[in-house]
file structure26.pdb (PDB, C-alpha atoms, pLDDT in the B column)
ATOM      1  CA  MET E   1     -29.625 -17.895  23.399  1.00 81.00           C
ATOM      2  CA  ASN E   2     -29.763 -16.214  20.029  1.00 95.00           C
ATOM      3  CA  VAL E   3     -26.908 -13.716  20.524  1.00 98.00           C
ATOM      4  CA  MET E   4     -23.354 -14.926  19.777  1.00 98.00           C
ATOM      5  CA  LEU E   5     -20.240 -13.067  20.887  1.00 98.00           C
ATOM      6  CA  PHE E   6     -16.872 -13.305  19.182  1.00 98.00           C
ATOM      7  CA  GLY E   7     -13.260 -12.247  19.737  1.00 96.00           C
ATOM      8  CA  VAL E   8     -12.588  -9.704  22.457  1.00 96.00           C
ATOM      9  CA  ALA E   9     -16.346  -9.078  22.899  1.00 97.00           C
ATOM     10  CA  LYS E  10     -16.651 -12.666  24.096  1.00 97.00           C
ATOM     11  CA  ASP E  11     -13.713 -12.148  26.477  1.00 96.00           C
ATOM     12  CA  ILE E  12     -15.220  -8.934  27.894  1.00 97.00           C
ATOM     13  CA  ALA E  13     -18.678 -10.435  28.460  1.00 97.00           C
ATOM     14  CA  GLY E  14     -17.276 -13.763  29.636  1.00 97.00           C
ATOM     15  CA  VAL E  15     -19.812 -15.723  27.598  1.00 97.00           C
ATOM     16  CA  ALA E  16     -20.002 -16.938  24.003  1.00 97.00           C
ATOM     17  CA  ARG E  17     -23.812 -16.808  23.875  1.00 97.00           C
ATOM     18  CA  MET E  18     -26.598 -14.879  25.566  1.00 97.00           C
ATOM     19  CA  GLN E  19     -30.305 -14.285  25.199  1.00 97.00           C
ATOM     20  CA  LEU E  20     -31.394 -11.018  23.589  1.00 97.00           C
ATOM     21  CA  PRO E  21     -32.186  -8.790  26.602  1.00 96.00           C
ATOM     22  CA  GLU E  22     -35.862  -7.997  27.141  1.00 94.00           C
ATOM     23  CA  GLY E  23     -36.989  -4.692  25.714  1.00 95.00           C
ATOM     24  CA  ILE E  24     -34.210  -4.502  23.120  1.00 97.00           C
ATOM     25  CA  ALA E  25     -35.812  -4.084  19.690  1.00 97.00           C
ATOM     26  CA  THR E  26     -33.118  -2.571  17.441  1.00 98.00           C
ATOM     27  CA  VAL E  27     -29.424  -3.012  16.676  1.00 98.00           C
ATOM     28  CA  GLY E  28     -28.723   0.464  18.063  1.00 98.00           C
ATOM     29  CA  ALA E  29     -30.477  -0.350  21.331  1.00 98.00           C
ATOM     30  CA  LEU E  30     -28.480  -3.576  21.640  1.00 98.00           C
ATOM     31  CA  LYS E  31     -25.199  -1.690  21.118  1.00 98.00           C
ATOM     32  CA  ALA E  32     -26.207   0.819  23.812  1.00 98.00           C
ATOM     33  CA  TRP E  33     -27.145  -2.019  26.171  1.00 98.00           C
ATOM     34  CA  LEU E  34     -23.803  -3.769  25.547  1.00 98.00           C
ATOM     35  CA  THR E  35     -21.660  -0.701  26.159  1.00 97.00           C
ATOM     36  CA  THR E  36     -23.633   0.155  29.304  1.00 97.00           C
ATOM     37  CA  THR E  37     -23.511  -3.393  30.660  1.00 97.00           C
ATOM     38  CA  TYR E  38     -19.889  -3.949  29.659  1.00 98.00           C
ATOM     39  CA  PRO E  39     -18.112  -0.553  29.771  1.00 97.00           C
ATOM     40  CA  ALA E  40     -14.914  -2.118  28.379  1.00 97.00           C
ATOM     41  CA  MET E  41     -16.717  -2.458  25.043  1.00 97.00           C
ATOM     42  CA  GLN E  42     -16.636   1.344  24.754  1.00 95.00           C
ATOM     43  CA  GLN E  43     -12.862   1.088  24.302  1.00 95.00           C
ATOM     44  CA  LEU E  44     -13.159  -1.012  21.123  1.00 96.00           C
ATOM     45  CA  ASN E  45     -12.338   0.707  17.837  1.00 94.00           C
ATOM     46  CA  SER E  46     -15.581  -0.632  16.414  1.00 95.00           C
ATOM     47  CA  LEU E  47     -18.539  -2.703  17.521  1.00 97.00           C
ATOM     48  CA  MET E  48     -20.588  -4.141  14.691  1.00 98.00           C
ATOM     49  CA  ILE E  49     -23.667  -6.292  14.928  1.00 98.00           C
ATOM     50  CA  ALA E  50     -24.722  -8.860  12.368  1.00 98.00           C
ATOM     51  CA  VAL E  51     -28.327  -9.992  12.046  1.00 98.00           C
ATOM     52  CA  ASN E  52     -28.917 -13.291  10.289  1.00 98.00           C
ATOM     53  CA  LYS E  53     -25.308 -13.365   9.045  1.00 98.00           C
ATOM     54  CA  ALA E  54     -25.176  -9.853   7.544  1.00 98.00           C
ATOM     55  CA  TYR E  55     -23.870  -6.566   8.974  1.00 98.00           C
ATOM     56  CA  ALA E  56     -26.833  -4.524  10.199  1.00 98.00           C
ATOM     57  CA  ALA E  57     -27.491  -0.790  10.583  1.00 98.00           C
ATOM     58  CA  ASP E  58     -28.451   0.653  13.972  1.00 98.00           C
ATOM     59  CA  THR E  59     -32.040   1.109  12.838  1.00 98.00           C
ATOM     60  CA  GLN E  60     -32.568  -2.566  11.963  1.00 98.00           C
ATOM     61  CA  ALA E  61     -35.122  -4.388  14.109  1.00 98.00           C
ATOM     62  CA  VAL E  62     -34.033  -7.457  16.111  1.00 97.00           C
ATOM     63  CA  GLY E  63     -36.034 -10.139  17.880  1.00 96.00           C
ATOM     64  CA  ILE E  64     -35.589 -13.445  19.633  1.00 94.00           C
ATOM     65  CA  THR E  65     -35.940 -15.414  16.398  1.00 96.00           C
ATOM     66  CA  ASP E  66     -32.985 -13.623  14.751  1.00 97.00           C
ATOM     67  CA  GLU E  67     -29.431 -14.959  14.744  1.00 98.00           C
ATOM     68  CA  ILE E  68     -27.487 -12.030  16.196  1.00 98.00           C
ATOM     69  CA  ALA E  69     -23.690 -11.740  16.369  1.00 98.00           C
ATOM     70  CA  ILE E  70     -21.574  -9.224  18.274  1.00 98.00           C
ATOM     71  CA  ILE E  71     -18.582  -8.411  16.087  1.00 98.00           C
ATOM     72  CA  PRO E  72     -15.591  -6.543  17.564  1.00 98.00           C
ATOM     73  CA  PRO E  73     -12.853  -5.288  15.189  1.00 97.00           C
ATOM     74  CA  VAL E  74     -12.003  -8.164  12.846  1.00 98.00           C
ATOM     75  CA  SER E  75      -8.368  -9.267  12.589  1.00 96.00           C
ATOM     76  CA  GLY E  76      -8.143 -12.039  10.044  1.00 95.00           C
ATOM     77  CA  GLY E  77      -5.307 -12.456   7.584  1.00 92.00           C
TER      78      GLY E  77
ATOM     79  CA  MET G   1     -15.765 -16.740 -12.709  1.00 96.00           C
ATOM     80  CA  ASN G   2     -15.070 -19.875 -10.672  1.00 98.00           C
ATOM     81  CA  VAL G   3     -14.815 -19.414  -6.914  1.00 98.00           C
ATOM     82  CA  LEU G   4     -13.246 -21.544  -4.177  1.00 98.00           C
ATOM     83  CA  LEU G   5     -13.926 -20.446  -0.591  1.00 98.00           C
ATOM     84  CA  LYS G   6     -12.667 -22.326   2.431  1.00 98.00           C
ATOM     85  CA  ILE G   7     -12.317 -21.775   6.183  1.00 98.00           C
ATOM     86  CA  GLU G   8     -10.707 -24.820   7.746  1.00 98.00           C
ATOM     87  CA  THR G   9      -8.056 -25.883  10.257  1.00 97.00           C
ATOM     88  CA  ASP G  10      -5.602 -26.770   7.522  1.00 95.00           C
ATOM     89  CA  ILE G  11      -5.202 -24.894   4.258  1.00 98.00           C
ATOM     90  CA  THR G  12      -2.455 -25.126   1.667  1.00 97.00           C
ATOM     91  CA  ILE G  13      -1.113 -22.795  -0.993  1.00 98.00           C
ATOM     92  CA  GLN G  14      -1.106 -25.739  -3.389  1.00 98.00           C
ATOM     93  CA  GLU G  15      -4.885 -26.298  -3.272  1.00 98.00           C
ATOM     94  CA  ALA G  16      -5.436 -22.632  -4.185  1.00 98.00           C
ATOM     95  CA  LEU G  17      -2.936 -22.908  -7.045  1.00 97.00           C
ATOM     96  CA  ASP G  18      -4.482 -26.148  -8.294  1.00 98.00           C
ATOM     97  CA  PHE G  19      -7.903 -24.453  -8.341  1.00 98.00           C
ATOM     98  CA  ILE G  20      -6.885 -21.334 -10.285  1.00 98.00           C
ATOM     99  CA  HIS G  21      -4.866 -23.110 -12.986  1.00 97.00           C
ATOM    100  CA  SER G  22      -6.473 -22.769 -16.406  1.00 95.00           C
ATOM    101  CA  PRO G  23      -5.118 -23.082 -19.930  1.00 95.00           C
ATOM    102  CA  ALA G  24      -6.991 -19.860 -20.754  1.00 94.00           C
ATOM    103  CA  CYS G  25      -5.122 -17.873 -18.114  1.00 94.00           C
ATOM    104  CA  GLY G  26      -1.657 -16.409 -18.620  1.00 94.00           C
ATOM    105  CA  GLY G  27      -1.494 -14.611 -15.295  1.00 96.00           C
ATOM    106  CA  GLU G  28      -1.724 -16.034 -11.796  1.00 97.00           C
ATOM    107  CA  VAL G  29      -1.264 -13.909  -8.668  1.00 98.00           C
ATOM    108  CA  VAL G  30      -1.092 -15.479  -5.219  1.00 98.00           C
ATOM    109  CA  PHE G  31      -1.002 -13.687  -1.874  1.00 98.00           C
ATOM    110  CA  THR G  32      -0.010 -15.767   1.139  1.00 98.00           C
ATOM    111  CA  GLY G  33      -0.372 -14.458   4.682  1.00 97.00           C
ATOM    112  CA  LYS G  34       1.764 -16.270   7.226  1.00 96.00           C
ATOM    113  CA  VAL G  35       2.077 -16.216  10.993  1.00 95.00           C
ATOM    114  CA  ARG G  36       4.880 -13.853  12.121  1.00 92.00           C
ATOM    115  CA  ASN G  37       7.048 -14.571  15.157  1.00 93.00           C
ATOM    116  CA  ASP G  38       6.774 -11.034  16.502  1.00 91.00           C
ATOM    117  CA  THR G  39       4.318  -8.144  16.813  1.00 90.00           C
ATOM    118  CA  LYS G  40       5.889  -4.701  17.176  1.00 89.00           C
ATOM    119  CA  GLY G  41       9.084  -6.144  18.590  1.00 90.00           C
ATOM    120  CA  ARG G  42       7.451  -8.617  21.010  1.00 93.00           C
ATOM    121  CA  ALA G  43       8.025 -12.307  20.439  1.00 95.00           C
ATOM    122  CA  VAL G  44       4.914 -14.317  19.526  1.00 94.00           C
ATOM    123  CA  ASP G  45       4.698 -18.068  20.224  1.00 95.00           C
ATOM    124  CA  LYS G  46       1.464 -18.796  18.362  1.00 95.00           C
ATOM    125  CA  LEU G  47      -1.830 -17.390  17.132  1.00 96.00           C
ATOM    126  CA  PHE G  48      -5.356 -18.668  17.499  1.00 97.00           C
ATOM    127  CA  TYR G  49      -7.860 -17.827  14.755  1.00 98.00           C
ATOM    128  CA  GLU G  50     -11.596 -17.848  15.456  1.00 98.00           C
ATOM    129  CA  ALA G  51     -14.215 -17.429  12.702  1.00 98.00           C
ATOM    130  CA  TYR G  52     -17.950 -16.840  12.507  1.00 98.00           C
ATOM    131  CA  LYS G  53     -17.731 -19.337   9.725  1.00 98.00           C
ATOM    132  CA  GLU G  54     -21.146 -19.162   8.074  1.00 98.00           C
ATOM    133  CA  MET G  55     -21.115 -15.365   7.864  1.00 98.00           C
ATOM    134  CA  ALA G  56     -17.425 -15.283   6.949  1.00 98.00           C
ATOM    135  CA  LEU G  57     -18.098 -17.488   3.924  1.00 98.00           C
ATOM    136  CA  LEU G  58     -20.974 -15.193   2.887  1.00 98.00           C
ATOM    137  CA  GLU G  59     -18.723 -12.122   3.196  1.00 98.00           C
ATOM    138  CA  MET G  60     -16.025 -13.885   1.162  1.00 98.00           C
ATOM    139  CA  GLN G  61     -18.627 -14.621  -1.512  1.00 98.00           C
ATOM    140  CA  LYS G  62     -19.515 -10.894  -1.567  1.00 98.00           C
ATOM    141  CA  ILE G  63     -15.834 -10.104  -2.191  1.00 98.00           C
ATOM    142  CA  ALA G  64     -15.789 -12.626  -5.043  1.00 98.00           C
ATOM    143  CA  ASP G  65     -18.941 -11.038  -6.488  1.00 98.00           C
ATOM    144  CA  GLU G  66     -17.329  -7.587  -6.303  1.00 98.00           C
ATOM    145  CA  VAL G  67     -14.178  -8.904  -8.008  1.00 98.00           C
ATOM    146  CA  ALA G  68     -16.293 -10.431 -10.779  1.00 98.00           C
ATOM    147  CA  SER G  69     -18.112  -7.132 -11.316  1.00 98.00           C
ATOM    148  CA  GLN G  70     -14.909  -5.052 -11.510  1.00 98.00           C
ATOM    149  CA  TRP G  71     -12.435  -7.231 -13.376  1.00 98.00           C
ATOM    150  CA  ASP G  72     -12.371 -10.042 -15.932  1.00 97.00           C
ATOM    151  CA  ILE G  73     -10.953 -12.578 -13.486  1.00 98.00           C
ATOM    152  CA  LYS G  74     -11.446 -16.226 -14.481  1.00 97.00           C
ATOM    153  CA  LYS G  75     -10.855 -17.916 -11.124  1.00 98.00           C
ATOM    154  CA  ILE G  76     -10.422 -16.869  -7.523  1.00 98.00           C
ATOM    155  CA  ALA G  77      -9.610 -18.864  -4.401  1.00 98.00           C
ATOM    156  CA  MET G  78      -9.866 -17.447  -0.871  1.00 98.00           C
ATOM    157  CA  LEU G  79      -8.763 -19.710   1.973  1.00 98.00           C
ATOM    158  CA  HIS G  80      -8.427 -18.854   5.660  1.00 98.00           C
ATOM    159  CA  ALA G  81      -7.135 -21.044   8.459  1.00 98.00           C
ATOM    160  CA  VAL G  82      -8.747 -21.357  11.892  1.00 98.00           C
ATOM    161  CA  GLY G  83      -7.480 -22.742  15.184  1.00 98.00           C
ATOM    162  CA  GLU G  84      -3.949 -22.717  16.535  1.00 98.00           C
ATOM    163  CA  LYS G  85      -1.231 -21.599  14.122  1.00 97.00           C
ATOM    164  CA  LEU G  86       2.525 -21.415  14.690  1.00 97.00           C
ATOM    165  CA  PRO G  87       5.009 -18.918  13.208  1.00 96.00           C
ATOM    166  CA  GLY G  88       5.677 -19.790   9.583  1.00 96.00           C
ATOM    167  CA  GLU G  89       2.335 -21.496   9.048  1.00 97.00           C
ATOM    168  CA  VAL G  90      -0.101 -20.275   6.402  1.00 97.00           C
ATOM    169  CA  ALA G  91      -3.000 -18.194   7.739  1.00 98.00           C
ATOM    170  CA  VAL G  92      -4.614 -16.954   4.536  1.00 98.00           C
ATOM    171  CA  VAL G  93      -4.301 -17.493   0.787  1.00 98.00           C
ATOM    172  CA  VAL G  94      -5.868 -15.397  -1.971  1.00 98.00           C
ATOM    173  CA  ALA G  95      -5.175 -16.548  -5.522  1.00 98.00           C
ATOM    174  CA  VAL G  96      -6.569 -15.233  -8.791  1.00 98.00           C
ATOM    175  CA  SER G  97      -6.038 -16.035 -12.443  1.00 98.00           C
ATOM    176  CA  SER G  98      -6.788 -14.013 -15.538  1.00 97.00           C
ATOM    177  CA  VAL G  99      -5.823 -13.836 -19.189  1.00 95.00           C
ATOM    178  CA  HIS G 100      -3.151 -11.183 -18.513  1.00 91.00           C
ATOM    179  CA  ARG G 101      -1.342 -10.207 -15.319  1.00 91.00           C
ATOM    180  CA  GLY G 102      -2.355  -6.590 -14.679  1.00 93.00           C
ATOM    181  CA  ILE G 103      -5.871  -7.068 -13.396  1.00 96.00           C
ATOM    182  CA  ALA G 104      -4.831 -10.149 -11.438  1.00 97.00           C
ATOM    183  CA  PHE G 105      -2.601  -7.978  -9.205  1.00 97.00           C
ATOM    184  CA  ASP G 106      -5.397  -5.437  -8.735  1.00 97.00           C
ATOM    185  CA  ALA G 107      -8.059  -8.037  -7.968  1.00 98.00           C
ATOM    186  CA  CYS G 108      -5.835  -9.971  -5.563  1.00 98.00           C
ATOM    187  CA  GLU G 109      -4.940  -6.821  -3.617  1.00 98.00           C
ATOM    188  CA  PHE G 110      -8.592  -5.766  -3.433  1.00 98.00           C
ATOM    189  CA  ALA G 111      -9.646  -9.225  -2.239  1.00 98.00           C
ATOM    190  CA  ILE G 112      -7.086  -9.546   0.577  1.00 98.00           C
ATOM    191  CA  ASP G 113      -7.566  -5.929   1.727  1.00 98.00           C
ATOM    192  CA  THR G 114     -11.347  -6.355   1.856  1.00 98.00           C
ATOM    193  CA  LEU G 115     -11.080  -9.759   3.528  1.00 98.00           C
ATOM    194  CA  LYS G 116      -8.962  -8.256   6.306  1.00 98.00           C
ATOM    195  CA  ALA G 117     -11.393  -5.364   6.777  1.00 97.00           C
ATOM    196  CA  LYS G 118     -14.749  -7.116   6.628  1.00 98.00           C
ATOM    197  CA  VAL G 119     -14.662 -10.888   7.040  1.00 98.00           C
ATOM    198  CA  PRO G 120     -15.563 -11.910  10.620  1.00 98.00           C
ATOM    199  CA  ILE G 121     -12.386 -13.708  11.647  1.00 98.00           C
ATOM    200  CA  TRP G 122     -10.334 -12.846  14.736  1.00 98.00           C
ATOM    201  CA  LYS G 123      -6.800 -13.640  15.832  1.00 96.00           C
ATOM    202  CA  LYS G 124      -5.574 -13.952  19.365  1.00 95.00           C
ATOM    203  CA  GLU G 125      -1.839 -13.518  19.908  1.00 93.00           C
ATOM    204  CA  TYR G 126       0.026 -15.614  22.480  1.00 95.00           C
ATOM    205  CA  PHE G 127       3.152 -13.638  23.373  1.00 94.00           C
ATOM    206  CA  SER G 128       6.304 -15.320  24.668  1.00 93.00           C
ATOM    207  CA  ASP G 129       6.111 -13.194  27.840  1.00 92.00           C
ATOM    208  CA  GLY G 130       2.799 -14.840  28.745  1.00 89.00           C
ATOM    209  CA  GLU G 131       0.339 -12.157  27.653  1.00 89.00           C
ATOM    210  CA  ILE G 132      -2.594 -13.198  25.485  1.00 89.00           C
ATOM    211  CA  LYS G 133      -4.179 -10.467  23.418  1.00 88.00           C
TER     212      LYS G 133
END
call {"tool": "encode", "arguments": {"input": "structure26.pdb", "output": "structure tokens"}}
result
Amino acid sequence: MNVMLFGVAKDIAGVARMQLPEGIATVGALKAWLTTTYPAMQQLNSLMIAVNKAYAADTQAVGITDEIAIIPPVSGG
Amino acid sequence: MNVLLKIETDITIQEALDFIHSPACGGEVVFTGKVRNDTKGRAVDKLFYEAYKEMALLEMQKIADEVASQWDIKKIAMLHAVGEKLPGEVAVVVAVSSVHRGIAFDACEFAIDTLKAKVPIWKKEYFSDGEIK
């Protein structure tokens, strides 16, 4: 269970953690999988993904040993 | 530059002030963000703040590094609360000190604006009419 979900992304998926889906090898592929699996995520103003505690570009590779976080629009402050 | 970063259930303005005090600094600027009792005209009972704490602290450190590279700030404190917060309670504090006041205003504004845009912290609003958003 190396994928963590936060904020409204957690509410949409209904889980705080999940395993990286099989066959997903990049950040961009994970975003596409998320918005296909959970269409409500398409309505978010932004959907960022962090890999090992840093924001990651769509081209970045991901695997089951990475700490991955799904980051909907932040709203601190 | 000395840096204090904190994401905890309880934060106080005083601990930020205590940290930034320095006999070398003539200017201290403090921004305090507090929980409001309404959002766009709808009454709010409470907020709940959630953080991806480890990454949030790293992003706050990046902000501190950027401040240090742009301005001659001597000390900076960035504190954010998590958990349930009621109207009037402190949600975030950014405090900076420098020799003179001008750059302290600039650095403090940059730090709170960047914190709100980039640091992975989320608020959930509990409206008086029952909706949670």
call {"tool": "closest_residue", "arguments": {"input": "structure26.pdb", "among": "G:Ala91, G:Met55, G:Ala77, G:Leu115", "to": "E:Ile71", "atoms": "all atoms listed in the file"}}
result
G:Met55
call {"tool": "closest_atom_pairs", "arguments": {"input": "structure26.pdb", "of": "chain E", "to": "chain G", "cutoff": "10 Å", "atoms": "only C-alpha atoms", "output": "JSON lines"}}
result
{"residue": "E:Met4", "atom": "CA", "partner": "G:Tyr52", "partner_atom": "CA", "distance": 9.3}
{"residue": "E:Leu5", "atom": "CA", "partner": "G:Tyr52", "partner_atom": "CA", "distance": 9.5}
{"residue": "E:Phe6", "atom": "CA", "partner": "G:Tyr52", "partner_atom": "CA", "distance": 7.6}
{"residue": "E:Gly7", "atom": "CA", "partner": "G:Trp122", "partner_atom": "CA", "distance": 5.8}
{"residue": "E:Val8", "atom": "CA", "partner": "G:Lys133", "partner_atom": "CA", "distance": 8.5}
{"residue": "E:Ala50", "atom": "CA", "partner": "G:Met55", "partner_atom": "CA", "distance": 8.7}
{"residue": "E:Val51", "atom": "CA", "partner": "G:Met55", "partner_atom": "CA", "distance": 9.9}
{"residue": "E:Asn52", "atom": "CA", "partner": "G:Met55", "partner_atom": "CA", "distance": 8.4}
{"residue": "E:Lys53", "atom": "CA", "partner": "G:Met55", "partner_atom": "CA", "distance": 4.8}
{"residue": "E:Ala54", "atom": "CA", "partner": "G:Met55", "partner_atom": "CA", "distance": 6.9}
{"residue": "E:Tyr55", "atom": "CA", "partner": "G:Met55", "partner_atom": "CA", "distance": 9.3}
{"residue": "E:Ala69", "atom": "CA", "partner": "G:Tyr52", "partner_atom": "CA", "distance": 8.6}
{"residue": "E:Ile71", "atom": "CA", "partner": "G:Pro120", "partner_atom": "CA", "distance": 7.2}
{"residue": "E:Pro72", "atom": "CA", "partner": "G:Trp122", "partner_atom": "CA", "distance": 8.7}
{"residue": "E:Pro73", "atom": "CA", "partner": "G:Trp122", "partner_atom": "CA", "distance": 8.0}
{"residue": "E:Val74", "atom": "CA", "partner": "G:Trp122", "partner_atom": "CA", "distance": 5.3}
{"residue": "E:Ser75", "atom": "CA", "partner": "G:Trp122", "partner_atom": "CA", "distance": 4.6}
{"residue": "E:Gly76", "atom": "CA", "partner": "G:Ile121", "partner_atom": "CA", "distance": 4.8}
{"residue": "E:Gly77", "atom": "CA", "partner": "G:Val92", "partner_atom": "CA", "distance": 5.5}
call {"tool": "resolve_selection", "arguments": {"input": "structure26.pdb", "expression": "the PyMOL selection byres ((chain G and resi 45) around 7)", "output": "list in words"}}
result
Asn37, Ala43, Val44, Lys46, Leu86, Tyr126, Phe127 and Ser128 of chain G
call {"tool": "resolve_selection", "arguments": {"input": "structure26.pdb", "expression": "the PyMOL selection byres ((chain G and resi 71) around 9)", "output": "compact mmCIF listing (two decimals) with C-alpha atoms, keeping the file's coordinate frame"}}
result
# COMPACT_ATOMS: atom_id res chain seq x y z
CA GLU G 66 -17.33 -7.59 -6.30
CA VAL G 67 -14.18 -8.90 -8.01
CA ALA G 68 -16.29 -10.43 -10.78
CA SER G 69 -18.11 -7.13 -11.32
CA GLN G 70 -14.91 -5.05 -11.51
CA ASP G 72 -12.37 -10.04 -15.93
CA ILE G 73 -10.95 -12.58 -13.49
CA ILE G 103 -5.87 -7.07 -13.40
CA ALA G 104 -4.83 -10.15 -11.44
CA ASP G 106 -5.40 -5.44 -8.74
CA ALA G 107 -8.06 -8.04 -7.97
call {"tool": "axis_aligned_box", "arguments": {"input": "structure26.pdb", "around": "stretch 55-59 of chain E", "padding_each_side": "4 Å", "output": "AutoDock Vina command-line options"}}
result
--center_x -28.0 --center_y -2.7 --center_z 11.5 --size_x 16.2 --size_y 15.7 --size_z 13.0
call {"tool": "atom_distance", "arguments": {"input": "structure26.pdb", "atom1": "atom CA of G:Leu47", "atom2": "atom CA of G:Glu28"}}
result
29.0 Å
call {"tool": "atom_distance", "arguments": {"input": "structure26.pdb", "atom1": "atom CA of E:Thr37", "atom2": "atom CA of E:Gln60"}}
result
20.8 Å
call {"tool": "atom_distance", "arguments": {"input": "structure26.pdb", "atom1": "atom CA of G:Ile20", "atom2": "atom CA of G:Lys62"}}
result
18.6 Å
call {"tool": "closest_residue", "arguments": {"input": "structure26.pdb", "among": "G:Gly102, G:Ala16, G:Gly130, G:Leu4", "to": "G:Met60", "atoms": "only C-alpha atoms"}}
result
G:Leu4
call {"tool": "build_atoms", "arguments": {"input": "structure26.pdb", "residues": "stretch 50-68 of chain G", "atoms": "N, CA and C atoms", "output": "JSON list (two decimals), in the frame of the given file"}}
result
[["chain", "number", "residue", "atom", "x", "y", "z"],
["G", 50, "GLU", "N", -10.20, -17.49, 15.23],
["G", 50, "GLU", "CA", -11.60, -17.85, 15.46],
["G", 50, "GLU", "C", -12.40, -17.23, 14.31],
["G", 51, "ALA", "N", -13.38, -17.95, 13.80],
["G", 51, "ALA", "CA", -14.22, -17.43, 12.70],
["G", 51, "ALA", "C", -15.69, -17.61, 13.03],
["G", 52, "TYR", "N", -16.50, -16.66, 12.58],
["G", 52, "TYR", "CA", -17.95, -16.84, 12.51],
["G", 52, "TYR", "C", -18.16, -17.39, 11.10],
["G", 53, "LYS", "N", -18.00, -18.72, 11.01],
["G", 53, "LYS", "CA", -17.73, -19.34, 9.72],
["G", 53, "LYS", "C", -18.82, -19.10, 8.68],
["G", 54, "GLU", "N", -20.07, -19.29, 9.08],
["G", 54, "GLU", "CA", -21.15, -19.16, 8.07],
["G", 54, "GLU", "C", -21.20, -17.75, 7.49],
["G", 55, "MET", "N", -21.09, -16.74, 8.37],
["G", 55, "MET", "CA", -21.12, -15.36, 7.86],
["G", 55, "MET", "C", -19.83, -15.04, 7.12],
["G", 56, "ALA", "N", -18.71, -15.55, 7.60],
["G", 56, "ALA", "CA", -17.42, -15.28, 6.95],
["G", 56, "ALA", "C", -17.44, -15.78, 5.50],
["G", 57, "LEU", "N", -18.02, -16.96, 5.30],
["G", 57, "LEU", "CA", -18.10, -17.49, 3.92],
["G", 57, "LEU", "C", -19.01, -16.61, 3.06],
["G", 58, "LEU", "N", -20.09, -16.10, 3.64],
["G", 58, "LEU", "CA", -20.97, -15.19, 2.89],
["G", 58, "LEU", "C", -20.25, -13.89, 2.53],
["G", 59, "GLU", "N", -19.47, -13.36, 3.48],
["G", 59, "GLU", "CA", -18.72, -12.12, 3.20],
["G", 59, "GLU", "C", -17.64, -12.37, 2.14],
["G", 60, "MET", "N", -17.02, -13.56, 2.19],
["G", 60, "MET", "CA", -16.02, -13.88, 1.16],
["G", 60, "MET", "C", -16.69, -14.00, -0.21],
["G", 61, "GLN", "N", -17.90, -14.54, -0.24],
["G", 61, "GLN", "CA", -18.63, -14.62, -1.51],
["G", 61, "GLN", "C", -18.93, -13.22, -2.05],
["G", 62, "LYS", "N", -19.27, -12.28, -1.13],
["G", 62, "LYS", "CA", -19.52, -10.89, -1.57],
["G", 62, "LYS", "C", -18.26, -10.29, -2.20],
["G", 63, "ILE", "N", -17.10, -10.60, -1.62],
["G", 63, "ILE", "CA", -15.83, -10.10, -2.19],
["G", 63, "ILE", "C", -15.65, -10.69, -3.59],
["G", 64, "ALA", "N", -15.92, -11.98, -3.73],
["G", 64, "ALA", "CA", -15.79, -12.63, -5.04],
["G", 64, "ALA", "C", -16.75, -11.97, -6.04],
["G", 65, "ASP", "N", -17.96, -11.69, -5.59],
["G", 65, "ASP", "CA", -18.94, -11.04, -6.49],
["G", 65, "ASP", "C", -18.45, -9.66, -6.92],
["G", 66, "GLU", "N", -17.86, -8.93, -5.98],
["G", 66, "GLU", "CA", -17.33, -7.59, -6.30],
["G", 66, "GLU", "C", -16.16, -7.69, -7.28],
["G", 67, "VAL", "N", -15.29, -8.68, -7.07],
["G", 67, "VAL", "CA", -14.18, -8.90, -8.01],
["G", 67, "VAL", "C", -14.72, -9.19, -9.41],
["G", 68, "ALA", "N", -15.73, -10.06, -9.47],
["G", 68, "ALA", "CA", -16.29, -10.43, -10.78],
["G", 68, "ALA", "C", -16.92, -9.23, -11.48]]
